[in-house]
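Note sheet for the following structure.
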Amino acid sequence: MDAVHGFLLEDLDIRGALVQLGPSWAAIAARRNYAAPVRDLLGELAAVTALIGSNLKTPGRLSFQVQGHGPVSMLVMDCNEQLHLRGMAKSELAADAEAHVAGVADLLGDGRLVLTLQPQSAQTPYQSVVPLVGSTLATIFEHYLAQSEQQPARLWLAATADTACGLFLQKLPGADLRDADGWNRIETLAATVRPEELSLPPEILLTRLFAEESVRLYPARPAAWHCPRDEEKVRNMLLSLGREEVEAMLADAEAIAIEDEICGHEYRFGPEIVDELFPPSGRILH
């Protein structure tokens, strides 16, 4: 688990990938008490983010935001070129909400998908914003990929509290020349996959789905949840506010509490932070 497995149907010019997240996804899900439909939707986003993030060739960060006007107002997931994942959801649903609101339309309503790509070598990020088109997160990303890459793509996603998995297929430009019926055949075979099968070992799943095809399986790309505490970053943020603003924040409360929403960490600072950040200047004369 916790890896992206790329593969190629060599005789057909169809590429694919299988993502399987176990402990990394469980760590993200466990940080907040999401309702099951919200958790599973965020898990599907984690799987597709790892799938697309595995194509990053240079250092940088890929981020997806799904914004809606339903009971789930936002899903956020990002990763870097090492497939270090982090993410969160904003939702009005109680933790015990029933699963009958599991559809994307029920959860998100109308909304948009925002992709942000920030290479380390560039000061300005690339951003793409598209409407949510599709009845599932998989079909939303199929539409996005077909528009952005100009090649047909199919996606199957599944998530629980413990696993987040996805199967991706993309038709390459020369596929029809290799086999005019190849894409339709592979689509039909892949569509038989059951959600619970997506966590099978890649060799078993791909052999089961494409038993008559020649499949080249590439080395796995490991993925991981990576969201360490970064107190220095928070201190620098307070420092940028200035002494008066920090003192005013402490005047209203016994301590300054700052939550890192995407990672779920909380930082608390008492009155001593003022002199730590803004030491008195000058010297005392006796």
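Here's how to read the names in the structure tokens: chain A, B, ... by the order shown, residue numbers from 1 in each chain, ligand numbers from 1 in the order shown.
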List every residue of range 37-121 of chain A that has an atom at most 12 Å from any atom of range 139-156 of chain A, giving for each one its closest atom pair and the distance in Å to one decimal, counting only C-alpha atoms, sorted by chain and then by ascending residue number, as JSON lines.
{"residue": "A:Glu44", "atom": "CA", "partner": "A:Trp156", "partner_atom": "CA", "distance": 9.2}
{"residue": "A:Leu45", "atom": "CA", "partner": "A:Phe141", "partner_atom": "CA", "distance": 9.5}
{"residue": "A:Ala47", "atom": "CA", "partner": "A:Trp156", "partner_atom": "CA", "distance": 10.0}
{"residue": "A:Val48", "atom": "CA", "partner": "A:Phe141", "partner_atom": "CA", "distance": 8.1}
{"residue": "A:Thr49", "atom": "CA", "partner": "A:Phe141", "partner_atom": "CA", "distance": 10.2}
{"residue": "A:Leu51", "atom": "CA", "partner": "A:Leu155", "partner_atom": "CA", "distance": 10.2}
{"residue": "A:Ile52", "atom": "CA", "partner": "A:Leu145", "partner_atom": "CA", "distance": 9.6}
{"residue": "A:Phe64", "atom": "CA", "partner": "A:Phe141", "partner_atom": "CA", "distance": 10.7}
{"residue": "A:Val66", "atom": "CA", "partner": "A:Ile140", "partner_atom": "CA", "distance": 10.1}
{"residue": "A:Val104", "atom": "CA", "partner": "A:Ile140", "partner_atom": "CA", "distance": 9.5}
{"residue": "A:Ala105", "atom": "CA", "partner": "A:Ile140", "partner_atom": "CA", "distance": 11.4}
{"residue": "A:Asp110", "atom": "CA", "partner": "A:Ile140", "partner_atom": "CA", "distance": 12.0}
{"residue": "A:Gly111", "atom": "CA", "partner": "A:Ile140", "partner_atom": "CA", "distance": 11.1}
{"residue": "A:Arg112", "atom": "CA", "partner": "A:Ile140", "partner_atom": "CA", "distance": 9.8}
{"residue": "A:Leu113", "atom": "CA", "partner": "A:Ile140", "partner_atom": "CA", "distance": 8.5}
{"residue": "A:Val114", "atom": "CA", "partner": "A:Tyr144", "partner_atom": "CA", "distance": 10.3}
{"residue": "A:Leu115", "atom": "CA", "partner": "A:Tyr144", "partner_atom": "CA", "distance": 10.0}
Practice prompt. Please provide the set of residues having any atom within 9 Å of range 232-234 of chain A, restricted to only C-alpha atoms, with same-chain residues fewer than 3 positions apart removed, written as a ChimeraX atom specification.
Written response: /A:229,237-239,258,267
Item to complete: Assign secondary structure with DSSP using the backbone only, and return the residues of range 20-253 of chain A in strand (DSSP E or B) as a ChimeraX atom specification.
Response: /A:20-21,60-68,72-80,84-91,111-119,126-131,153-159,164-171,215-217,221-222,224-225
Worksheet entry | Shell of 12 Å around Asn33 in chain A, only C-alpha atoms, local chain residues under 2 positions omitted, as a list of chain:residue names | A:Ala26, A:Ala27, A:Ile28, A:Ala29, A:Ala30, A:Arg31, A:Ala35, A:Ala36, A:Pro37, A:Val38, A:Arg39, A:Met88, A:Ala89, A:Lys90, A:Ser91, A:Glu92, A:Leu93, A:Ala94, A:Ala95, A:Asp96, A:Ala97, A:Ala161, A:Gly264
Item to complete: Would you mind telling me which residue in A:Ala223, A:Leu157, A:Leu189, A:Val4 lies nearest to Leu209 in chain A when using only C-alpha atoms?
Response: A:Leu189
Discussion item. Give me the residues near Glu254 in chain A as a ChimeraX atom specification, where near means some atom within 12 Å (using only C-alpha atoms) and where sequence neighbours in that chain fewer than 3 positions away do not count.
Written reply: /A:246-251,257,268-273
Go ahead and dump the residues you just picked, N, CA and C atoms, as a short mmCIF file (atom, residue, chain, number, x, y, z; two decimals), in the first residue's frame.
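Full text of part09.cif as output:
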data_model
loop_
_atom_site.label_atom_id
_atom_site.label_comp_id
_atom_site.auth_asym_id
_atom_site.auth_seq_id
_atom_site.Cartn_x
_atom_site.Cartn_y
_atom_site.Cartn_z
N VAL A 246 0.16 41.65 18.15
CA VAL A 246 0.28 40.45 18.98
C VAL A 246 -0.18 40.75 20.40
N GLU A 247 0.19 41.91 20.94
CA GLU A 247 -0.28 42.29 22.28
C GLU A 247 -1.79 42.43 22.32
N ALA A 248 -2.37 42.97 21.24
CA ALA A 248 -3.82 43.11 21.19
C ALA A 248 -4.50 41.75 21.17
N MET A 249 -3.92 40.79 20.49
CA MET A 249 -4.48 39.43 20.45
C MET A 249 -4.44 38.80 21.84
N LEU A 250 -3.37 39.06 22.59
CA LEU A 250 -3.25 38.51 23.93
C LEU A 250 -4.15 39.23 24.92
N ALA A 251 -4.47 40.49 24.63
CA ALA A 251 -5.37 41.24 25.52
C ALA A 251 -6.77 40.65 25.50
N ALA A 257 -4.12 31.14 20.01
CA ALA A 257 -4.29 29.79 19.48
C ALA A 257 -4.44 29.88 17.96
N ARG A 268 -0.12 27.14 20.30
CA ARG A 268 -0.57 28.04 21.36
C ARG A 268 0.63 28.81 21.91
N PHE A 269 0.43 30.10 22.11
CA PHE A 269 1.49 30.97 22.61
C PHE A 269 0.93 31.84 23.73
N GLY A 270 1.64 31.87 24.87
CA GLY A 270 1.25 32.71 25.99
C GLY A 270 1.89 34.09 25.91
N PRO A 271 1.72 34.91 26.96
CA PRO A 271 2.26 36.28 26.95
C PRO A 271 3.77 36.35 26.73
N GLU A 272 4.47 35.28 27.07
CA GLU A 272 5.94 35.30 26.92
C GLU A 272 6.36 35.43 25.46
N ILE A 273 5.45 35.13 24.52
CA ILE A 273 5.82 35.19 23.12
C ILE A 273 6.16 36.62 22.68
#
Worksheet item: Among range 164-278 of chain A, which ones does DSSP place in alpha helix (DSSP H), written as a ChimeraX atom specification?
Response: /A:175-178,182-190,202-209,231-241,243-251,272-277
Near Asp181 in chain A, within 12 Å and counting only C-alpha atoms, which residues show up once chain neighbours fewer than 6 positions away are dropped, as a PDB file with N, CA and C atoms, in the first residue's frame?
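Written out: out-v4.pdb:
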ATOM      1  N   LEU A  12      -1.232  -1.942 -27.130  1.00  0.00           N
ATOM      2  CA  LEU A  12      -2.396  -1.111 -27.412  1.00  0.00           C
ATOM      3  C   LEU A  12      -2.126   0.386 -27.289  1.00  0.00           C
ATOM      4  N   ASP A  13      -0.974   0.780 -26.789  1.00  0.00           N
ATOM      5  CA  ASP A  13      -0.691   2.193 -26.525  1.00  0.00           C
ATOM      6  C   ASP A  13      -1.739   2.800 -25.590  1.00  0.00           C
ATOM      7  N   ILE A  14      -1.965   2.112 -24.491  1.00  0.00           N
ATOM      8  CA  ILE A  14      -2.853   2.606 -23.430  1.00  0.00           C
ATOM      9  C   ILE A  14      -2.058   2.560 -22.136  1.00  0.00           C
ATOM     10  N   LYS A 171      -5.922   6.769 -23.059  1.00  0.00           N
ATOM     11  CA  LYS A 171      -5.666   6.365 -24.440  1.00  0.00           C
ATOM     12  C   LYS A 171      -4.592   7.266 -25.028  1.00  0.00           C
ATOM     13  N   ALA A 175      -3.059   4.765 -30.193  1.00  0.00           N
ATOM     14  CA  ALA A 175      -3.806   3.571 -29.798  1.00  0.00           C
ATOM     15  C   ALA A 175      -4.668   3.009 -30.926  1.00  0.00           C
ATOM     16  N   GLU A 187     -11.569  -0.396 -21.758  1.00  0.00           N
ATOM     17  CA  GLU A 187     -12.560   0.326 -20.946  1.00  0.00           C
ATOM     18  C   GLU A 187     -13.582  -0.642 -20.364  1.00  0.00           C
ATOM     19  N   THR A 188     -14.108  -1.514 -21.214  1.00  0.00           N
ATOM     20  CA  THR A 188     -15.143  -2.454 -20.785  1.00  0.00           C
ATOM     21  C   THR A 188     -14.620  -3.411 -19.728  1.00  0.00           C
TER      22      THR A 188
END
